[in-house]
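S.K.: So that you have it, the file is query_32.pdb, and it contains PDB, C-alpha atoms and all ligand atoms:
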```
ATOM      1  CA  MET Q   1       8.947  -4.621  45.446
ATOM      2  CA  ASN Q   2      12.692  -3.938  45.594
ATOM      3  CA  SER Q   3      14.029  -7.502  45.377
ATOM      4  CA  THR Q   4      13.442 -10.511  43.166
ATOM      5  CA  THR Q   5      15.008 -13.925  42.591
ATOM      6  CA  GLU Q   6      15.387 -15.649  39.212
ATOM      7  CA  LYS Q   7      16.590 -19.104  38.243
ATOM      8  CA  ALA Q   8      19.275 -19.065  35.548
ATOM      9  CA  TYR Q   9      19.243 -22.437  33.769
ATOM     10  CA  ALA Q  10      22.270 -24.037  32.120
ATOM     11  CA  LYS Q  11      22.043 -25.068  28.452
ATOM     12  CA  ILE Q  12      23.339 -27.945  26.399
ATOM     13  CA  ASN Q  13      23.789 -28.038  22.622
ATOM     14  CA  LEU Q  14      22.043 -30.996  21.032
ATOM     15  CA  SER Q  15      23.569 -29.926  17.734
ATOM     16  CA  LEU Q  16      26.150 -27.249  16.973
ATOM     17  CA  ASP Q  17      27.413 -26.254  13.551
ATOM     18  CA  VAL Q  18      29.847 -23.408  12.955
ATOM     19  CA  GLY Q  19      29.675 -21.710   9.571
ATOM     20  CA  ALA Q  20      31.678 -18.970   7.902
ATOM     21  CA  LEU Q  21      33.534 -16.149   9.619
ATOM     22  CA  ARG Q  22      31.558 -12.934   9.044
ATOM     23  CA  PRO Q  23      32.933  -9.459   8.382
ATOM     24  CA  ASP Q  24      31.906  -8.448  11.947
ATOM     25  CA  GLY Q  25      34.249 -11.085  13.449
ATOM     26  CA  TYR Q  26      31.462 -13.459  14.489
ATOM     27  CA  HIS Q  27      30.652 -16.813  12.884
ATOM     28  CA  GLU Q  28      27.412 -17.990  11.338
ATOM     29  CA  MET Q  29      25.968 -20.582  13.707
ATOM     30  CA  ASP Q  30      23.299 -23.262  13.480
ATOM     31  CA  MET Q  31      22.557 -24.730  16.894
ATOM     32  CA  VAL Q  32      19.861 -26.677  18.679
ATOM     33  CA  MET Q  33      19.804 -25.634  22.325
ATOM     34  CA  GLN Q  34      18.122 -27.227  25.323
ATOM     35  CA  SER Q  35      17.847 -25.866  28.852
ATOM     36  CA  VAL Q  36      18.446 -28.160  31.810
ATOM     37  CA  SER Q  37      17.486 -27.908  35.476
ATOM     38  CA  LEU Q  38      21.050 -27.254  36.687
ATOM     39  CA  CYS Q  39      20.785 -23.557  37.577
ATOM     40  CA  ASP Q  40      22.300 -20.545  39.302
ATOM     41  CA  VAL Q  41      20.032 -18.548  41.589
ATOM     42  CA  VAL Q  42      20.223 -14.821  40.856
ATOM     43  CA  THR Q  43      18.870 -12.347  43.431
ATOM     44  CA  LEU Q  44      18.468  -8.701  42.463
ATOM     45  CA  THR Q  45      18.064  -6.024  45.129
ATOM     46  CA  LEU Q  46      17.565  -2.338  44.343
ATOM     47  CA  THR Q  47      19.774  -0.126  46.531
ATOM     48  CA  ASP Q  48      20.073   3.591  47.318
ATOM     49  CA  SER Q  49      23.432   3.965  45.529
ATOM     50  CA  ASP Q  50      23.952   4.708  41.837
ATOM     51  CA  THR Q  51      26.170   1.712  41.050
ATOM     52  CA  VAL Q  52      25.755  -1.968  40.231
ATOM     53  CA  THR Q  53      27.555  -4.428  42.499
ATOM     54  CA  CYS Q  54      27.846  -8.201  42.260
ATOM     55  CA  THR Q  55      28.719 -10.948  44.727
ATOM     56  CA  SER Q  56      28.689 -14.717  44.521
ATOM     57  CA  ASP Q  57      29.244 -17.678  46.821
ATOM     58  CA  ARG Q  58      32.252 -18.440  44.583
ATOM     59  CA  GLY Q  59      33.925 -15.166  45.658
ATOM     60  CA  ASP Q  60      33.046 -11.635  44.621
ATOM     61  CA  LEU Q  61      32.638 -11.164  40.899
ATOM     62  CA  PRO Q  62      33.762  -8.022  39.041
ATOM     63  CA  SER Q  63      31.293  -5.146  39.173
ATOM     64  CA  ASP Q  64      32.320  -3.781  35.780
ATOM     65  CA  LYS Q  65      31.057  -4.779  32.345
ATOM     66  CA  SER Q  66      33.490  -7.701  32.092
ATOM     67  CA  ASN Q  67      30.838  -9.472  34.183
ATOM     68  CA  LEU Q  68      27.939 -10.262  31.806
ATOM     69  CA  ALA Q  69      25.379  -9.989  34.629
ATOM     70  CA  VAL Q  70      26.514  -6.412  35.356
ATOM     71  CA  LYS Q  71      26.689  -5.559  31.636
ATOM     72  CA  ALA Q  72      23.076  -6.758  31.299
ATOM     73  CA  ALA Q  73      21.947  -4.396  34.078
ATOM     74  CA  TYR Q  74      23.566  -1.374  32.392
ATOM     75  CA  CYS Q  75      22.018  -2.356  29.021
ATOM     76  CA  PHE Q  76      18.614  -2.601  30.692
ATOM     77  CA  TYR Q  77      18.847   0.866  32.280
ATOM     78  CA  GLU Q  78      20.048   2.400  29.029
ATOM     79  CA  ALA Q  79      17.153   0.858  27.080
ATOM     80  CA  LEU Q  80      14.695   2.046  29.714
ATOM     81  CA  GLY Q  81      16.186   5.545  29.392
ATOM     82  CA  ILE Q  82      16.796   6.066  33.111
ATOM     83  CA  PRO Q  83      19.993   6.833  35.042
ATOM     84  CA  THR Q  84      21.713   3.815  36.589
ATOM     85  CA  GLN Q  85      19.719   2.678  39.617
ATOM     86  CA  GLY Q  86      21.605   1.168  42.518
ATOM     87  CA  LEU Q  87      21.477  -2.596  42.179
ATOM     88  CA  HIS Q  88      23.050  -5.494  43.972
ATOM     89  CA  ILE Q  89      23.261  -8.793  42.095
ATOM     90  CA  ASP Q  90      23.927 -11.886  44.168
ATOM     91  CA  ILE Q  91      24.629 -15.134  42.319
ATOM     92  CA  GLU Q  92      24.395 -18.529  43.990
ATOM     93  CA  LYS Q  93      26.584 -20.484  41.577
ATOM     94  CA  HIS Q  94      25.823 -24.063  40.601
ATOM     95  CA  ILE Q  95      26.558 -24.015  36.841
ATOM     96  CA  PRO Q  96      30.233 -24.780  36.167
ATOM     97  CA  VAL Q  97      32.342 -21.848  34.949
ATOM     98  CA  CYS Q  98      33.856 -21.771  31.406
ATOM     99  CA  ALA Q  99      32.169 -25.062  30.673
ATOM    100  CA  GLY Q 100      30.107 -24.631  27.471
ATOM    101  CA  THR Q 101      26.902 -24.545  29.514
ATOM    102  CA  ALA Q 102      26.217 -20.777  29.198
ATOM    103  CA  GLY Q 103      26.507 -20.024  32.938
ATOM    104  CA  GLY Q 104      27.527 -16.373  32.476
ATOM    105  CA  SER Q 105      25.014 -15.783  29.656
ATOM    106  CA  SER Q 106      22.243 -17.370  31.697
ATOM    107  CA  ASP Q 107      23.005 -15.157  34.714
ATOM    108  CA  ALA Q 108      22.867 -12.130  32.397
ATOM    109  CA  ALA Q 109      19.507 -13.276  30.997
ATOM    110  CA  ALA Q 110      18.198 -13.710  34.562
ATOM    111  CA  VAL Q 111      19.248 -10.112  35.341
ATOM    112  CA  LEU Q 112      17.285  -8.868  32.289
ATOM    113  CA  ARG Q 113      14.176 -10.870  33.250
ATOM    114  CA  GLY Q 114      14.452  -9.912  36.922
ATOM    115  CA  LEU Q 115      14.970  -6.182  36.273
ATOM    116  CA  ASN Q 116      12.036  -6.229  33.875
ATOM    117  CA  ARG Q 117       9.879  -7.600  36.705
ATOM    118  CA  LEU Q 118      11.200  -5.030  39.214
ATOM    119  CA  PHE Q 119      10.460  -2.179  36.771
ATOM    120  CA  GLY Q 120       6.889  -3.255  35.945
ATOM    121  CA  GLU Q 121       7.366  -5.544  32.910
ATOM    122  CA  LYS Q 122       8.050  -2.588  30.575
ATOM    123  CA  PHE Q 123       9.669  -4.803  27.901
ATOM    124  CA  THR Q 124       8.262  -7.755  25.952
ATOM    125  CA  LEU Q 125      10.179 -11.039  25.858
ATOM    126  CA  GLU Q 126      11.254 -10.178  22.278
ATOM    127  CA  LYS Q 127      12.649  -6.817  23.409
ATOM    128  CA  LEU Q 128      14.539  -8.503  26.276
ATOM    129  CA  MET Q 129      16.023 -10.982  23.790
ATOM    130  CA  LYS Q 130      17.072  -8.063  21.563
ATOM    131  CA  LEU Q 131      18.716  -6.396  24.583
ATOM    132  CA  GLY Q 132      20.491  -9.681  25.295
ATOM    133  CA  GLU Q 133      22.221  -9.441  21.892
ATOM    134  CA  GLN Q 134      24.234  -6.472  23.203
ATOM    135  CA  VAL Q 135      25.412  -8.568  26.151
ATOM    136  CA  GLY Q 136      26.541 -11.779  24.399
ATOM    137  CA  SER Q 137      25.670 -14.170  21.576
ATOM    138  CA  ASP Q 138      24.078 -16.815  23.843
ATOM    139  CA  VAL Q 139      22.093 -14.356  25.971
ATOM    140  CA  PRO Q 140      18.998 -14.078  23.694
ATOM    141  CA  TYR Q 141      18.593 -17.868  23.847
ATOM    142  CA  CYS Q 142      19.022 -17.827  27.640
ATOM    143  CA  VAL Q 143      16.215 -15.246  27.900
ATOM    144  CA  LEU Q 144      13.955 -17.571  25.884
ATOM    145  CA  GLY Q 145      15.105 -20.996  27.165
ATOM    146  CA  LYS Q 146      13.614 -24.469  26.468
ATOM    147  CA  THR Q 147      14.246 -26.223  23.126
ATOM    148  CA  ALA Q 148      15.215 -23.805  20.353
ATOM    149  CA  ARG Q 149      17.191 -23.436  17.145
ATOM    150  CA  ALA Q 150      19.642 -20.542  17.148
ATOM    151  CA  THR Q 151      21.084 -19.182  13.909
ATOM    152  CA  GLY Q 152      22.857 -15.981  12.837
ATOM    153  CA  ARG Q 153      25.495 -15.313  15.491
ATOM    154  CA  GLY Q 154      23.106 -17.094  17.872
ATOM    155  CA  GLU Q 155      20.474 -14.381  18.168
ATOM    156  CA  ILE Q 156      17.911 -15.623  15.605
ATOM    157  CA  LEU Q 157      15.719 -18.003  17.572
ATOM    158  CA  GLU Q 158      12.966 -20.423  16.742
ATOM    159  CA  THR Q 159      11.248 -22.454  19.459
ATOM    160  CA  LEU Q 160      11.204 -26.172  18.574
ATOM    161  CA  THR Q 161       9.138 -29.135  19.738
ATOM    162  CA  ALA Q 162      10.196 -29.676  23.346
ATOM    163  CA  MET Q 163      12.727 -32.452  23.933
ATOM    164  CA  PRO Q 164      11.014 -35.390  25.670
ATOM    165  CA  SER Q 165      11.583 -35.206  29.414
ATOM    166  CA  CYS Q 166      14.726 -37.123  30.410
ATOM    167  CA  HIS Q 167      17.778 -37.055  32.664
ATOM    168  CA  ILE Q 168      20.950 -35.279  31.570
ATOM    169  CA  LEU Q 169      24.231 -36.104  33.255
ATOM    170  CA  LEU Q 170      26.927 -33.459  32.799
ATOM    171  CA  CYS Q 171      30.626 -34.007  33.463
ATOM    172  CA  LYS Q 172      33.183 -31.207  33.132
ATOM    173  CA  PRO Q 173      36.731 -32.465  32.650
ATOM    174  CA  ASN Q 174      39.635 -30.423  33.888
ATOM    175  CA  PHE Q 175      41.061 -28.711  30.822
ATOM    176  CA  PRO Q 176      40.549 -25.038  29.944
ATOM    177  CA  ILE Q 177      38.780 -23.792  26.830
ATOM    178  CA  ALA Q 178      39.162 -20.332  25.308
ATOM    179  CA  THR Q 179      36.143 -19.552  23.117
ATOM    180  CA  PRO Q 180      37.704 -17.141  20.558
ATOM    181  CA  ALA Q 181      40.731 -19.462  20.169
ATOM    182  CA  LEU Q 182      38.492 -22.438  19.450
ATOM    183  CA  PHE Q 183      36.603 -20.477  16.780
ATOM    184  CA  ARG Q 184      39.985 -19.563  15.233
ATOM    185  CA  ARG Q 185      40.974 -23.233  15.266
ATOM    186  CA  ILE Q 186      37.850 -24.049  13.242
ATOM    187  CA  ASP Q 187      38.790 -21.388  10.656
ATOM    188  CA  GLU Q 188      42.356 -22.720  10.415
ATOM    189  CA  GLU Q 189      41.392 -26.403  10.248
ATOM    190  CA  ARG Q 190      38.754 -25.676   7.632
ATOM    191  CA  GLU Q 191      41.481 -24.439   5.284
ATOM    192  CA  LYS Q 192      43.345 -27.751   5.645
ATOM    193  CA  ARG Q 193      40.596 -30.369   5.707
ATOM    194  CA  ASN Q 194      36.880 -30.991   5.466
ATOM    195  CA  LEU Q 195      35.160 -30.473   8.813
ATOM    196  CA  THR Q 196      31.974 -32.505   9.094
ATOM    197  CA  SER Q 197      28.915 -30.462   9.943
ATOM    198  CA  PRO Q 198      26.370 -32.108  12.239
ATOM    199  CA  ASP Q 199      22.984 -32.689  10.594
ATOM    200  CA  VAL Q 200      20.886 -30.043  12.352
ATOM    201  CA  ASN Q 201      17.796 -30.880  10.293
ATOM    202  CA  LYS Q 202      18.009 -34.521  11.386
ATOM    203  CA  MET Q 203      18.002 -33.319  15.005
ATOM    204  CA  ILE Q 204      14.974 -31.123  14.367
ATOM    205  CA  LEU Q 205      13.125 -34.065  12.796
ATOM    206  CA  ALA Q 206      14.051 -36.278  15.769
ATOM    207  CA  LEU Q 207      12.590 -33.623  18.100
ATOM    208  CA  LYS Q 208       9.439 -33.388  15.973
ATOM    209  CA  ASN Q 209       9.066 -37.171  16.220
ATOM    210  CA  GLU Q 210       9.608 -36.931  19.989
ATOM    211  CA  SER Q 211      12.084 -39.807  19.718
ATOM    212  CA  LEU Q 212      14.746 -39.719  22.425
ATOM    213  CA  GLU Q 213      16.623 -42.512  20.607
ATOM    214  CA  ASP Q 214      16.770 -40.491  17.365
ATOM    215  CA  ILE Q 215      17.778 -37.345  19.275
ATOM    216  CA  ALA Q 216      20.613 -39.265  20.952
ATOM    217  CA  GLN Q 217      21.751 -40.634  17.584
ATOM    218  CA  SER Q 218      21.745 -37.152  16.007
ATOM    219  CA  LEU Q 219      23.945 -35.347  18.566
ATOM    220  CA  GLY Q 220      26.809 -33.411  16.983
ATOM    221  CA  ASN Q 221      29.249 -30.607  17.761
ATOM    222  CA  MET Q 222      31.806 -29.125  15.379
ATOM    223  CA  PHE Q 223      33.952 -27.839  18.274
ATOM    224  CA  TYR Q 224      34.587 -31.464  19.266
ATOM    225  CA  GLU Q 225      36.225 -32.032  15.867
ATOM    226  CA  VAL Q 226      38.926 -29.442  16.477
ATOM    227  CA  LEU Q 227      39.953 -30.370  20.026
ATOM    228  CA  GLU Q 228      43.612 -31.275  20.569
ATOM    229  CA  GLU Q 229      44.196 -35.020  20.502
ATOM    230  CA  LYS Q 230      44.650 -35.229  24.282
ATOM    231  CA  GLU Q 231      41.484 -33.225  24.969
ATOM    232  CA  LYS Q 232      39.529 -35.265  22.448
ATOM    233  CA  ALA Q 233      40.573 -38.483  24.180
ATOM    234  CA  ILE Q 234      39.341 -37.168  27.547
ATOM    235  CA  VAL Q 235      35.976 -36.117  26.070
ATOM    236  CA  GLU Q 236      35.676 -39.428  24.228
ATOM    237  CA  ASN Q 237      36.372 -41.392  27.424
ATOM    238  CA  ILE Q 238      33.667 -39.574  29.347
ATOM    239  CA  GLY Q 239      31.235 -40.103  26.455
ATOM    240  CA  LYS Q 240      32.050 -43.801  26.401
ATOM    241  CA  SER Q 241      31.501 -44.137  30.175
ATOM    242  CA  LEU Q 242      28.146 -42.380  29.845
ATOM    243  CA  VAL Q 243      27.030 -44.760  27.099
ATOM    244  CA  ASP Q 244      28.377 -47.801  28.999
ATOM    245  CA  PHE Q 245      26.173 -46.787  31.932
ATOM    246  CA  GLY Q 246      23.073 -46.593  29.737
ATOM    247  CA  ALA Q 247      23.077 -43.165  28.080
ATOM    248  CA  LEU Q 248      21.351 -43.261  24.700
ATOM    249  CA  GLY Q 249      24.019 -40.885  23.398
ATOM    250  CA  ALA Q 250      26.649 -38.414  24.585
ATOM    251  CA  GLN Q 251      28.271 -35.259  23.204
ATOM    252  CA  MET Q 252      30.283 -32.207  24.237
ATOM    253  CA  THR Q 253      28.241 -29.026  24.764
ATOM    254  CA  GLY Q 254      29.174 -25.647  23.258
ATOM    255  CA  THR Q 255      32.901 -24.953  23.159
ATOM    256  CA  GLY Q 256      33.241 -27.570  25.914
ATOM    257  CA  PRO Q 257      34.777 -29.083  27.781
ATOM    258  CA  THR Q 258      31.576 -30.367  29.485
ATOM    259  CA  VAL Q 259      30.221 -33.655  28.121
ATOM    260  CA  PHE Q 260      26.597 -34.686  28.632
ATOM    261  CA  GLY Q 261      24.731 -37.958  28.330
ATOM    262  CA  ILE Q 262      21.011 -38.497  27.713
ATOM    263  CA  PHE Q 263      19.389 -41.001  30.084
ATOM    264  CA  PRO Q 264      15.776 -42.150  29.949
ATOM    265  CA  GLU Q 265      16.177 -43.676  33.430
ATOM    266  CA  GLU Q 266      17.324 -41.807  36.519
ATOM    267  CA  ASN Q 267      18.817 -44.837  38.301
ATOM    268  CA  ARG Q 268      21.286 -45.455  35.451
ATOM    269  CA  ALA Q 269      22.210 -41.758  35.379
ATOM    270  CA  LYS Q 270      22.893 -41.916  39.126
ATOM    271  CA  LEU Q 271      25.161 -44.942  38.703
ATOM    272  CA  ALA Q 272      27.044 -43.131  35.945
ATOM    273  CA  MET Q 273      27.382 -40.093  38.207
ATOM    274  CA  GLU Q 274      28.885 -42.162  41.028
ATOM    275  CA  ALA Q 275      31.366 -43.747  38.618
ATOM    276  CA  LEU Q 276      32.423 -40.455  36.976
ATOM    277  CA  GLN Q 277      32.794 -38.705  40.336
ATOM    278  CA  LYS Q 278      35.756 -40.980  41.064
ATOM    279  CA  ASP Q 279      37.784 -39.222  38.339
ATOM    280  CA  HIS Q 280      36.040 -35.875  37.914
ATOM    281  CA  GLU Q 281      35.203 -33.144  40.432
ATOM    282  CA  GLU Q 282      32.381 -31.511  38.501
ATOM    283  CA  VAL Q 283      29.575 -33.957  37.729
ATOM    284  CA  PHE Q 284      25.933 -32.826  37.754
ATOM    285  CA  LEU Q 285      22.642 -34.632  37.331
ATOM    286  CA  ALA Q 286      19.860 -32.588  35.779
ATOM    287  CA  LYS Q 287      16.571 -32.896  33.899
ATOM    288  CA  THR Q 288      15.394 -31.208  30.742
ATOM    289  CA  VAL Q 289      13.458 -27.977  31.378
TER     290      VAL Q 289
HETATM  291  O1  LIG W 301      29.119 -12.863  21.764
HETATM  292  P1  LIG W 301      30.147 -13.325  22.738
HETATM  293  O2  LIG W 301      30.773 -12.168  23.488
HETATM  294  O3  LIG W 301      29.662 -14.378  23.654
HETATM  295  O4  LIG W 301      31.306 -13.987  21.876
HETATM  296  C1  LIG W 301      32.582 -14.246  22.413
HETATM  297  C2  LIG W 301      33.536 -14.525  21.275
HETATM  298  O5  LIG W 301      33.218 -15.765  20.635
HETATM  299  C3  LIG W 301      33.509 -13.497  20.144
HETATM  300  O6  LIG W 301      34.370 -12.429  20.405
HETATM  301  C4  LIG W 301      33.973 -14.315  18.944
HETATM  302  O7  LIG W 301      35.365 -14.469  18.974
HETATM  303  C5  LIG W 301      33.383 -15.678  19.223
HETATM  304  N1  LIG W 301      32.074 -15.888  18.555
HETATM  305  C6  LIG W 301      32.065 -16.091  17.186
HETATM  306  N2  LIG W 301      30.861 -16.311  16.555
HETATM  307  C7  LIG W 301      29.702 -16.354  17.255
HETATM  308  C8  LIG W 301      29.722 -16.184  18.653
HETATM  309  C9  LIG W 301      30.921 -15.951  19.269
HETATM  310  O8  LIG W 301      33.101 -16.073  16.526
HETATM  311  N3  LIG W 301      28.562 -16.591  16.607
END
```
Before anything else, please render the file you have as structure tokens.
M.R.:
Amino acid sequence: MNSTTEKAYAKINLSLDVGALRPDGYHEMDMVMQSVSLCDVVTLTLTDSDTVTCTSDRGDLPSDKSNLAVKAAYCFYEALGIPTQGLHIDIEKHIPVCAGTAGGSSDAAAVLRGLNRLFGEKFTLEKLMKLGEQVGSDVPYCVLGKTARATGRGEILETLTAMPSCHILLCKPNFPIATPALFRRIDEEREKRNLTSPDVNKMILALKNESLEDIAQSLGNMFYEVLEEKEKAIVENIGKSLVDFGALGAQMTGTGPTVFGIFPEENRAKLAMEALQKDHEEVFLAKTV
């Protein structure tokens, strides 16, 4: 076998709390993550060269380590203790870019899983997650997937009771987010005022009780708190539309700007999608995975 294809699922944050800045420059996190069916399709093909290349239907992506998928391949070879094997990574992109939905991290996780298959499943899932830590903070979760709590800088993972199956509508508004800058904004704001932490334990209890209503009522994201007023208004408007169309709750995912709504019924989610598409280019209907 010299080729394999992996699905790279997007994630949403049901709950996201940012803690203290650590001496290593990262922040302590407490997050509840959920994977959704919106996915990139990552095809790996071993080649006769000694380099890693990467293309995508969204234009060619860099073939150096600034591309997390490429970085993941080099980490894999290093851990396996073999010289770099020629590899071509092709990514069929569906997950929005810079959106708080872990597109890049998920592609990287798919490369780790796919290479592990191509090289005879030499590493356990735990080892692949550990390798993912070297690639990016969200990569270990993307290797694991499903419903999980992530603490530490995001690499300490605990699988939780699966979120009840439902429809997730995602809408990415058109303003840019820079992850390190948003973390800095949290540090600065925290010195001036009290930032409210979402109740992660309440979310975990809601999951345990398999109550979609309680899950929807427990959504929270500290990054939402520190958005600029204009950005906050845009996110709030999308959230309101989602709820008006029948979402049980809505929240921004990750560092944003994507907002998601939880729908028990697909027909209501579809109506919301049609309405949001009038004002927003990137609207996606997915299911929990
Ligand atoms: O680990 P990753 O490369 O995805 O992180 C990107 C940036 O996000 C880091 O350089 C850091 O500024 C910030 N970050 C953080 N705390 C975390 C995760 C990321 O401050 N737990």
S.K.: Could you make a table, as a Markdown table, of the residues of chain Q that have an atom within 10 Å of an atom of ligand LIG 301 (chain W), each with its nearest atom pair and distance in Å to one decimal, counting all atoms listed in the file, in chain and number order?
M.R.:
```
| residue | atom | partner | partner_atom | distance |
| --- | --- | --- | --- | --- |
| Q:Val18 | CA | W:LIG301 | N3 | 7.8 |
| Q:Gly19 | CA | W:LIG301 | N3 | 8.8 |
| Q:Ala20 | CA | W:LIG301 | N2 | 9.1 |
| Q:Leu21 | CA | W:LIG301 | O8 | 6.9 |
| Q:Arg22 | CA | W:LIG301 | O8 | 8.3 |
| Q:Asp24 | CA | W:LIG301 | O8 | 9.0 |
| Q:Gly25 | CA | W:LIG301 | O8 | 6.0 |
| Q:Tyr26 | CA | W:LIG301 | N2 | 3.6 |
| Q:His27 | CA | W:LIG301 | N2 | 3.7 |
| Q:Glu28 | CA | W:LIG301 | N3 | 5.6 |
| Q:Met29 | CA | W:LIG301 | N3 | 5.6 |
| Q:Asp30 | CA | W:LIG301 | N3 | 9.1 |
| Q:Leu68 | CA | W:LIG301 | O2 | 9.0 |
| Q:Ala102 | CA | W:LIG301 | O3 | 9.1 |
| Q:Gly104 | CA | W:LIG301 | O3 | 9.3 |
| Q:Ser105 | CA | W:LIG301 | O3 | 7.7 |
| Q:Gly132 | CA | W:LIG301 | O1 | 9.9 |
| Q:Glu133 | CA | W:LIG301 | O1 | 7.7 |
| Q:Gln134 | CA | W:LIG301 | O1 | 8.2 |
| Q:Val135 | CA | W:LIG301 | O2 | 7.0 |
| Q:Gly136 | CA | W:LIG301 | O1 | 3.8 |
| Q:Ser137 | CA | W:LIG301 | O1 | 3.7 |
| Q:Asp138 | CA | W:LIG301 | O3 | 6.1 |
| Q:Val139 | CA | W:LIG301 | O3 | 7.9 |
| Q:Ala150 | CA | W:LIG301 | N3 | 9.8 |
| Q:Thr151 | CA | W:LIG301 | N3 | 8.4 |
| Q:Gly152 | CA | W:LIG301 | N3 | 6.9 |
| Q:Arg153 | CA | W:LIG301 | N3 | 3.5 |
| Q:Gly154 | CA | W:LIG301 | N3 | 5.6 |
| Q:Glu155 | CA | W:LIG301 | N3 | 8.5 |
| Q:Ala178 | CA | W:LIG301 | O5 | 8.8 |
| Q:Thr179 | CA | W:LIG301 | O5 | 5.4 |
| Q:Pro180 | CA | W:LIG301 | O7 | 3.9 |
| Q:Ala181 | CA | W:LIG301 | O7 | 7.4 |
| Q:Leu182 | CA | W:LIG301 | C5 | 8.5 |
| Q:Phe183 | CA | W:LIG301 | O8 | 5.6 |
| Q:Arg184 | CA | W:LIG301 | O8 | 7.8 |
| Q:Ile186 | CA | W:LIG301 | O8 | 9.8 |
| Q:Asp187 | CA | W:LIG301 | O8 | 9.8 |
| Q:Thr255 | CA | W:LIG301 | O5 | 9.5 |
```
S.K.: Have a look at Q:Ser49, Q:Thr101, Q:Asn2, Q:Gln251 and name the one nearest to Phe284 in chain Q; count only C-alpha atoms.
M.R.: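 Closest residue, counting only C-alpha atoms: Q:Thr101.
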S.K.: Show which residues sit within 6 Å of Gly256 in chain Q, as a list of chain:residue names. Count all atoms listed in the file, and ignore same-chain residues fewer than 3 positions away.
M.R.: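 The contact residues come out as Q:Ala99, Q:Gly100, Q:Met252, Q:Thr253.
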S.K.: Those residues with C-alpha atoms, as a PDB file, in the coordinates of the input please?
M.R.:
```
ATOM      1  CA  ALA Q  99      32.169 -25.062  30.673  1.00  0.00           C
ATOM      2  CA  GLY Q 100      30.107 -24.631  27.471  1.00  0.00           C
ATOM      3  CA  MET Q 252      30.283 -32.207  24.237  1.00  0.00           C
ATOM      4  CA  THR Q 253      28.241 -29.026  24.764  1.00  0.00           C
TER       5      THR Q 253
END
```
S.K.: Between CA of Thr124 in chain Q and CA of Glu78 in chain Q, what distance in Å does the model show, to one decimal?
M.R.: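 Between CA of Thr124 in chain Q and CA of Glu78 in chain Q the gap works out to 15.9 Å.
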S.K.: In terms of the shortest atom-to-atom distance over all atoms listed in the file, which of Q:Met163, Q:Glu229, Q:Lys130, Q:Ser241 is closest to Glu274 in chain Q?
M.R.: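 Checking each of Q:Met163, Q:Glu229, Q:Lys130, Q:Ser241 against Glu274 in chain Q, counting all atoms listed in the file, the winner is Q:Ser241.
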S.K.: Excluding Leu80 in chain Q and residues on its chain fewer than 3 positions from it, collect all residues at most 9 Å away from it, counting all atoms listed in the file, and give them as a list in words.
M.R.: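 Non-adjacent residues within range: Cys75, Phe76, Tyr77, Pro83, Lys122 and Phe123 of chain Q.
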S.K.: Kindly export the residues of the current selection with C-alpha atoms, as a CSV table (one decimal), in the coordinates of the input.
M.R.:
```
chain,number,residue,atom,x,y,z
Q,75,CYS,CA,22.0,-2.4,29.0
Q,76,PHE,CA,18.6,-2.6,30.7
Q,77,TYR,CA,18.8,0.9,32.3
Q,83,PRO,CA,20.0,6.8,35.0
Q,122,LYS,CA,8.0,-2.6,30.6
Q,123,PHE,CA,9.7,-4.8,27.9
```
S.K.: Find the residues with any atom within 8 Å of (26.3, -8.9, 46.2); use all atoms listed in the file and the coordinates as given in the file, and write the answer as a short mmCIF file (atom, residue, chain, number, x, y, z; two decimals) with C-alpha atoms, keeping the file's coordinate frame.
M.R.:
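Result file selection-v2.cif:
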```cif
data_model
loop_
_atom_site.label_atom_id
_atom_site.label_comp_id
_atom_site.auth_asym_id
_atom_site.auth_seq_id
_atom_site.Cartn_x
_atom_site.Cartn_y
_atom_site.Cartn_z
CA THR Q 53 27.56 -4.43 42.50
CA CYS Q 54 27.85 -8.20 42.26
CA THR Q 55 28.72 -10.95 44.73
CA SER Q 56 28.69 -14.72 44.52
CA ASP Q 60 33.05 -11.64 44.62
CA HIS Q 88 23.05 -5.49 43.97
CA ILE Q 89 23.26 -8.79 42.10
CA ASP Q 90 23.93 -11.89 44.17
CA ILE Q 91 24.63 -15.13 42.32
#
```
S.K.: So which one's closest to His94 in chain Q, Q:Val111, Q:Ala10, Q:Met203, Q:Leu195? Using all atoms listed in the file, please.
M.R.: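 Closest to His94 in chain Q, using all atoms listed in the file: Q:Ala10.
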S.K.: Quick one: of Q:Ile177, Q:Val41, Q:Ala216, Q:Cys166, who's nearest to Glu266 in chain Q, counting only C-alpha atoms?
M.R.: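 When distances to Glu266 in chain Q are compared using only C-alpha atoms, the smallest one comes from Q:Cys166.
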S.K.: Enclose the full set of atoms of range 190-194 of chain Q listed in the file within a box whose edges lie along x, y and z, apply 5 Å of padding to each of the six sides, and report centre and edge lengths in Å to one decimal as AutoDock Vina command-line options.
M.R.:
```
--center_x 40.1 --center_y -27.7 --center_z 6.5 --size_x 16.5 --size_y 16.6 --size_z 12.3
```
S.K.: Considering only C-alpha atoms, can you say which of Q:Glu92, Q:Asp48, Q:Glu282, Q:Glu231 comes closest to Leu61 in chain Q?
M.R.: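 Smallest distance to Leu61 in chain Q is found for Q:Glu92.
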S.K.: Which residue is closest to Ile234 in chain Q? Choose from Q:Gln85, Q:Ser106, Q:Asn174, Q:Ser211 and count only C-alpha atoms.
M.R.: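 Under the stated criterion, the closest residue is Q:Asn174.
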S.K.: Starting from the PyMOL selection byres (((chain Q and resi 245) around 12) and not hetatm), expand the selection into actual residues of this file and give them as a ChimeraX atom specification.
M.R.: /Q:169,238-244,246-250,261-276
S.K.: Kindly give the distance, in Å, that separates CA of Ala108 in chain Q and CA of Pro140 in chain Q, rounded to a single decimal.
M.R.: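 Answer for the CA of Ala108 in chain Q to CA of Pro140 in chain Q separation: 9.7 Å.
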